[in-house]
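> Following this message is one structure expressed as structure tokens.
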Amino acid sequence: MNGDKPICVAALLLFLGALPGCGASVVRGSDSPKINDPALSVRFDQRDVNQIVGKMVDELLASAFFAEVTEGPEKPRIAIDELVNETDQHLNTEEVLTLIQGKVVNTRKMTFVDKAAREKAERELGMQLRDVVAAGTAAQVGRQLGFRYFLTGKIWSVTERLKGVKRVQYRVILKVLDIESLAIEWQAEESVTKQMQ
Amino acid sequence: MSRPWAAAFGCCLLVAGCVGAARFSLPADPGKDPAGELALLDAHIGKLAPDHSDLPLLRLERASLLMQMARYAEAAETLRSADDQLEVLDFTVNRAEVGDYLFTGASGFYRGSPHEKILASTLATWCWLLAGDRDKARIEGRRALSHQDYWIDARRKEAYRNALARLASGLAFEEDGKWNDAYIDYKSAFEIGEGIPFLQDPLLRLAGRLGHSDLAKWRRRFGREAVPADPAAGEVVVLAALGRAPVKTVEEVELPGWFLQNLHPEVGPHLGGWRLAKYPGLQPRASAFDRAEAVLPDGRRIPAVLAMDVEGQVLARYREERPEMLAKLFSRLVVRAGTVGLVTVTAYKEARKRTEEGPLGNFLRQNAALVAGTITNAILDAIDTPDLRCWRHLPKAYLAARFPLPSGEHRLVIEVSGAGGRRSMERAVAVEAGKIRYVYVAVPE
């Protein structure tokens with residue numbers, strides 16, 4: 001009988017040791033940065049946003065347009081319009097433009113017109129930036145709104161399915177327009193592909 | 001106990017151990033008196049523990065009754081708590097769970113289908129729209145779509161695309177001035193709903209407003225431009241819930257003839273007609289009305305179009321799951337048939353040892369075997385109670401209509417028609433310029 005005791009004790013210890021493994025495990029992203037790496041779905045996630053924003057900002061800051069408009073003593077004023085979401089999922093597109101704005105503002109070479117101030121001015125004028133551009137009164141309105149350029153863009157997605165594989169390709173196009181001439185001064189494209197099997 | 005008896009007893013325990021007792025807690029069948037049913041239901045819920053196995057289902061039933069009684073905010077809150085509690089059973093993904101569908105699971109806890117999970121938050125979105133709370137409608141709308149996305153993406157089931165959820169979410173976004181999000185939902189609802197006509201104008205208007213590249217496609221498809229919105233008018237959205245979705249019923253499987261023939265030459269022929277197993281089938285319910293129209297004050301009639309064919313989706317899911325269910329049932333039948341056979345033959349052999357040859361002996365052996373087999377079958381029959389719980393107040397179909405009306409007080413007539421003739425219901429609606437007002441009618445018969 002005594003010979004059984006070590007086995008019982010070992011089994012009990014094994015059981016107790018296994019107990020913590022039965023509960024849910026919760027970790028913090030700052031402690032385990034890698035938890036943000038795996039794609040859990042084919043949706044456009046935070047890592048995709050960061051990747052797009054990083055590349056877009058690098059392209060903008062390295063562009064001839066940026067060098068040209070920031071060489072003078074006066075900082076160019078730019079407003080943010082909308083990133084039109086042409087995908088089939090709800091995305092926080094404002095976040096993409098706001099992150100770009102933050103990174104460009106920190107170079108202290110461009111001044112961004114506050115979105116709320118712009119919208120207030122638009123309300124006073126009784127039209128939106130998109131209507132302004134369509135109506136061809138952009139130069140005059142741009143002066144009234146107090147900016148020369150505006151940042152706009154679109155995001156598209158193409159979804160394909162074949163034999164249990166789902167692939168979604170996202171493409172983001174950003175451009176800066178001169179509100180007086182409506183000329184495209186800068187444009188960049190980035191894409192992200194996600195696949196689920 | 002002799003070895004054969006022990007084996008037979010073991011088989012009984014094995015089958016018995018797989019299941020628990022079924023619980024049917026619904027106080028009444030759907031009827032014409034939602035207030036009376038609600039009172040019964042509330043009294044019943046009041047007696048249950050907060051973690052009772054049937055609560056998620058009873059809350060879904062409660063919410064349906066509250067919607068019928070136009071108590072929308074309360075219905076939305078009830079749907080929220082039902083959704084929080086409701087666990088989903090999808091044995092096409094986890095095959096081990098099929099037994100929980102066929103027979104009341106060991107815990108007896110009600111587990112709904114993915115459709116029920118999606119519908120709980122979809123209906124909550126509609127309830128908040130009807131109650132005039134756009135913020136809560138948007139939150140519930142997001143929840144409905146994330147449930148839907150989960151089942152579509154993670155489980156690869158396009159069948160869970162739901163125009164009713166997209167429509168409600170789109171309305172919540174449109175009312176909030178989130179044009180892009182509203183457009184995404186309307187476009188999706190239009191595609192799922194196979195061209196819901198009243199979405200043509202919102203699609204044209206919003207695509208134009210957003211500068212969306214779909215605008216040219218819509219213009220070609222609809223052959224027209226958007227009808228300019230009258231700044232002095234508002235819009236009305238009517239949601240009509242008609243009929244009842246299918247209910248679960250008992251299907252039976254009997255002992256097959258070949259098994260009886262081969263079981264025992266003397267006992268087998270006497271066992272004919274024994275029920276071997278019961279399992280949940282699905283029974284569509286006849287509906288008196290399948291069409292709805294809004295009759296405007298100027299006499300114009302606006303037909304409501306199908307926004308969600310609940311019955312079709314429920315039946316399609318059942319057809320998809322049936323092979324899996326029957327496979328599980330078959331393995332159970334084998335165990336049960338073996339158990340009944342073993343007990344019967346063992347009883348016969350034991351009786352033979354204790355009786356003498358002759359007519360009386362034969363009679364006693366056969367009857368001992370029959371009694372033992374009957375008792376075993378009755379025990380197993382009582383244990384294998386199919387789980388028939390289902391959302392009995394869930395409508396058969398949701399129809400929707402959307403149309404502009406001048407601002408002011410109006411009396412709208414919603415007319416439903418079908419095999420049961422015609423019935424009209426009048427609703428007062430206060431239309432405000434640039435706003436959307438909602439009207440809900442439920443005709444469960």
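Letters A, B, ... mark the chains of the structure tokens in the order given; residue numbers begin at 1 per chain; ligand numbers begin at 1, in order shown.
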Set out as JSON lines a contact list for chain A and chain B with a cut-off of 8 Å, giving each residue of chain A that qualifies its closest atom pair and distance in Å to one decimal, counting only C-alpha atoms, ordered by chain and rising residue number.

```
{"residue": "A:Ser41", "atom": "CA", "partner": "B:Asp153", "partner_atom": "CA", "distance": 7.2}
{"residue": "A:Val42", "atom": "CA", "partner": "B:Asp153", "partner_atom": "CA", "distance": 7.9}
{"residue": "A:Val84", "atom": "CA", "partner": "B:Leu210", "partner_atom": "CA", "distance": 6.8}
{"residue": "A:Asn85", "atom": "CA", "partner": "B:Asn180", "partner_atom": "CA", "distance": 6.5}
{"residue": "A:Glu86", "atom": "CA", "partner": "B:His212", "partner_atom": "CA", "distance": 7.1}
{"residue": "A:Thr87", "atom": "CA", "partner": "B:Ile184", "partner_atom": "CA", "distance": 7.5}
{"residue": "A:Asp88", "atom": "CA", "partner": "B:Ile184", "partner_atom": "CA", "distance": 5.7}
{"residue": "A:Gln89", "atom": "CA", "partner": "B:Ile184", "partner_atom": "CA", "distance": 6.8}
{"residue": "A:His90", "atom": "CA", "partner": "B:Asp181", "partner_atom": "CA", "distance": 6.1}
{"residue": "A:Gly164", "atom": "CA", "partner": "B:Arg156", "partner_atom": "CA", "distance": 7.6}
```
> Restricting the output to N, CA, C and O atoms, write the selected residues as a PDB file, in the first residue's frame.

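Saved the output as again.pdb:
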```
ATOM      1  N   SER A  41      -8.385  37.200 -39.776  1.00  0.00           N
ATOM      2  CA  SER A  41      -9.442  37.146 -40.790  1.00  0.00           C
ATOM      3  C   SER A  41      -8.912  37.847 -42.030  1.00  0.00           C
ATOM      4  O   SER A  41      -7.780  38.333 -42.031  1.00  0.00           O
ATOM      5  N   VAL A  42      -9.745  37.911 -43.055  1.00  0.00           N
ATOM      6  CA  VAL A  42      -9.307  38.608 -44.271  1.00  0.00           C
ATOM      7  C   VAL A  42      -9.720  40.073 -44.237  1.00  0.00           C
ATOM      8  O   VAL A  42      -9.599  40.781 -45.221  1.00  0.00           O
ATOM      9  N   VAL A  84     -12.700  57.549 -49.586  1.00  0.00           N
ATOM     10  CA  VAL A  84     -13.957  56.863 -49.922  1.00  0.00           C
ATOM     11  C   VAL A  84     -13.737  55.352 -49.843  1.00  0.00           C
ATOM     12  O   VAL A  84     -12.788  54.820 -50.423  1.00  0.00           O
ATOM     13  N   ASN A  85     -14.608  54.722 -49.087  1.00  0.00           N
ATOM     14  CA  ASN A  85     -14.487  53.288 -48.862  1.00  0.00           C
ATOM     15  C   ASN A  85     -15.323  52.538 -49.895  1.00  0.00           C
ATOM     16  O   ASN A  85     -16.545  52.507 -49.809  1.00  0.00           O
ATOM     17  N   GLU A  86     -14.651  51.966 -50.877  1.00  0.00           N
ATOM     18  CA  GLU A  86     -15.376  51.207 -51.910  1.00  0.00           C
ATOM     19  C   GLU A  86     -15.260  49.699 -51.670  1.00  0.00           C
ATOM     20  O   GLU A  86     -15.500  48.906 -52.575  1.00  0.00           O
ATOM     21  N   THR A  87     -14.868  49.307 -50.478  1.00  0.00           N
ATOM     22  CA  THR A  87     -14.861  47.876 -50.146  1.00  0.00           C
ATOM     23  C   THR A  87     -16.266  47.496 -49.705  1.00  0.00           C
ATOM     24  O   THR A  87     -17.163  48.341 -49.669  1.00  0.00           O
ATOM     25  N   ASP A  88     -16.448  46.240 -49.316  1.00  0.00           N
ATOM     26  CA  ASP A  88     -17.772  45.841 -48.836  1.00  0.00           C
ATOM     27  C   ASP A  88     -17.784  45.698 -47.319  1.00  0.00           C
ATOM     28  O   ASP A  88     -18.650  45.055 -46.770  1.00  0.00           O
ATOM     29  N   GLN A  89     -16.822  46.278 -46.650  1.00  0.00           N
ATOM     30  CA  GLN A  89     -16.828  46.192 -45.182  1.00  0.00           C
ATOM     31  C   GLN A  89     -16.660  47.572 -44.562  1.00  0.00           C
ATOM     32  O   GLN A  89     -16.098  48.475 -45.174  1.00  0.00           O
ATOM     33  N   HIS A  90     -17.167  47.688 -43.353  1.00  0.00           N
ATOM     34  CA  HIS A  90     -17.063  48.970 -42.661  1.00  0.00           C
ATOM     35  C   HIS A  90     -15.637  49.155 -42.168  1.00  0.00           C
ATOM     36  O   HIS A  90     -15.116  48.304 -41.445  1.00  0.00           O
ATOM     37  N   GLY A 164     -12.681  26.706 -51.382  1.00  0.00           N
ATOM     38  CA  GLY A 164     -12.431  26.899 -49.961  1.00  0.00           C
ATOM     39  C   GLY A 164     -11.375  27.944 -49.641  1.00  0.00           C
ATOM     40  O   GLY A 164     -11.066  28.186 -48.480  1.00  0.00           O
TER      41      GLY A 164
END
```
> Of the candidates A:Leu151, A:Met196, A:Ile100, A:Ala62, which shows the shortest atom-to-atom distance to Arg43 (chain A), using only C-alpha atoms?
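Closest candidate: A:Met196.
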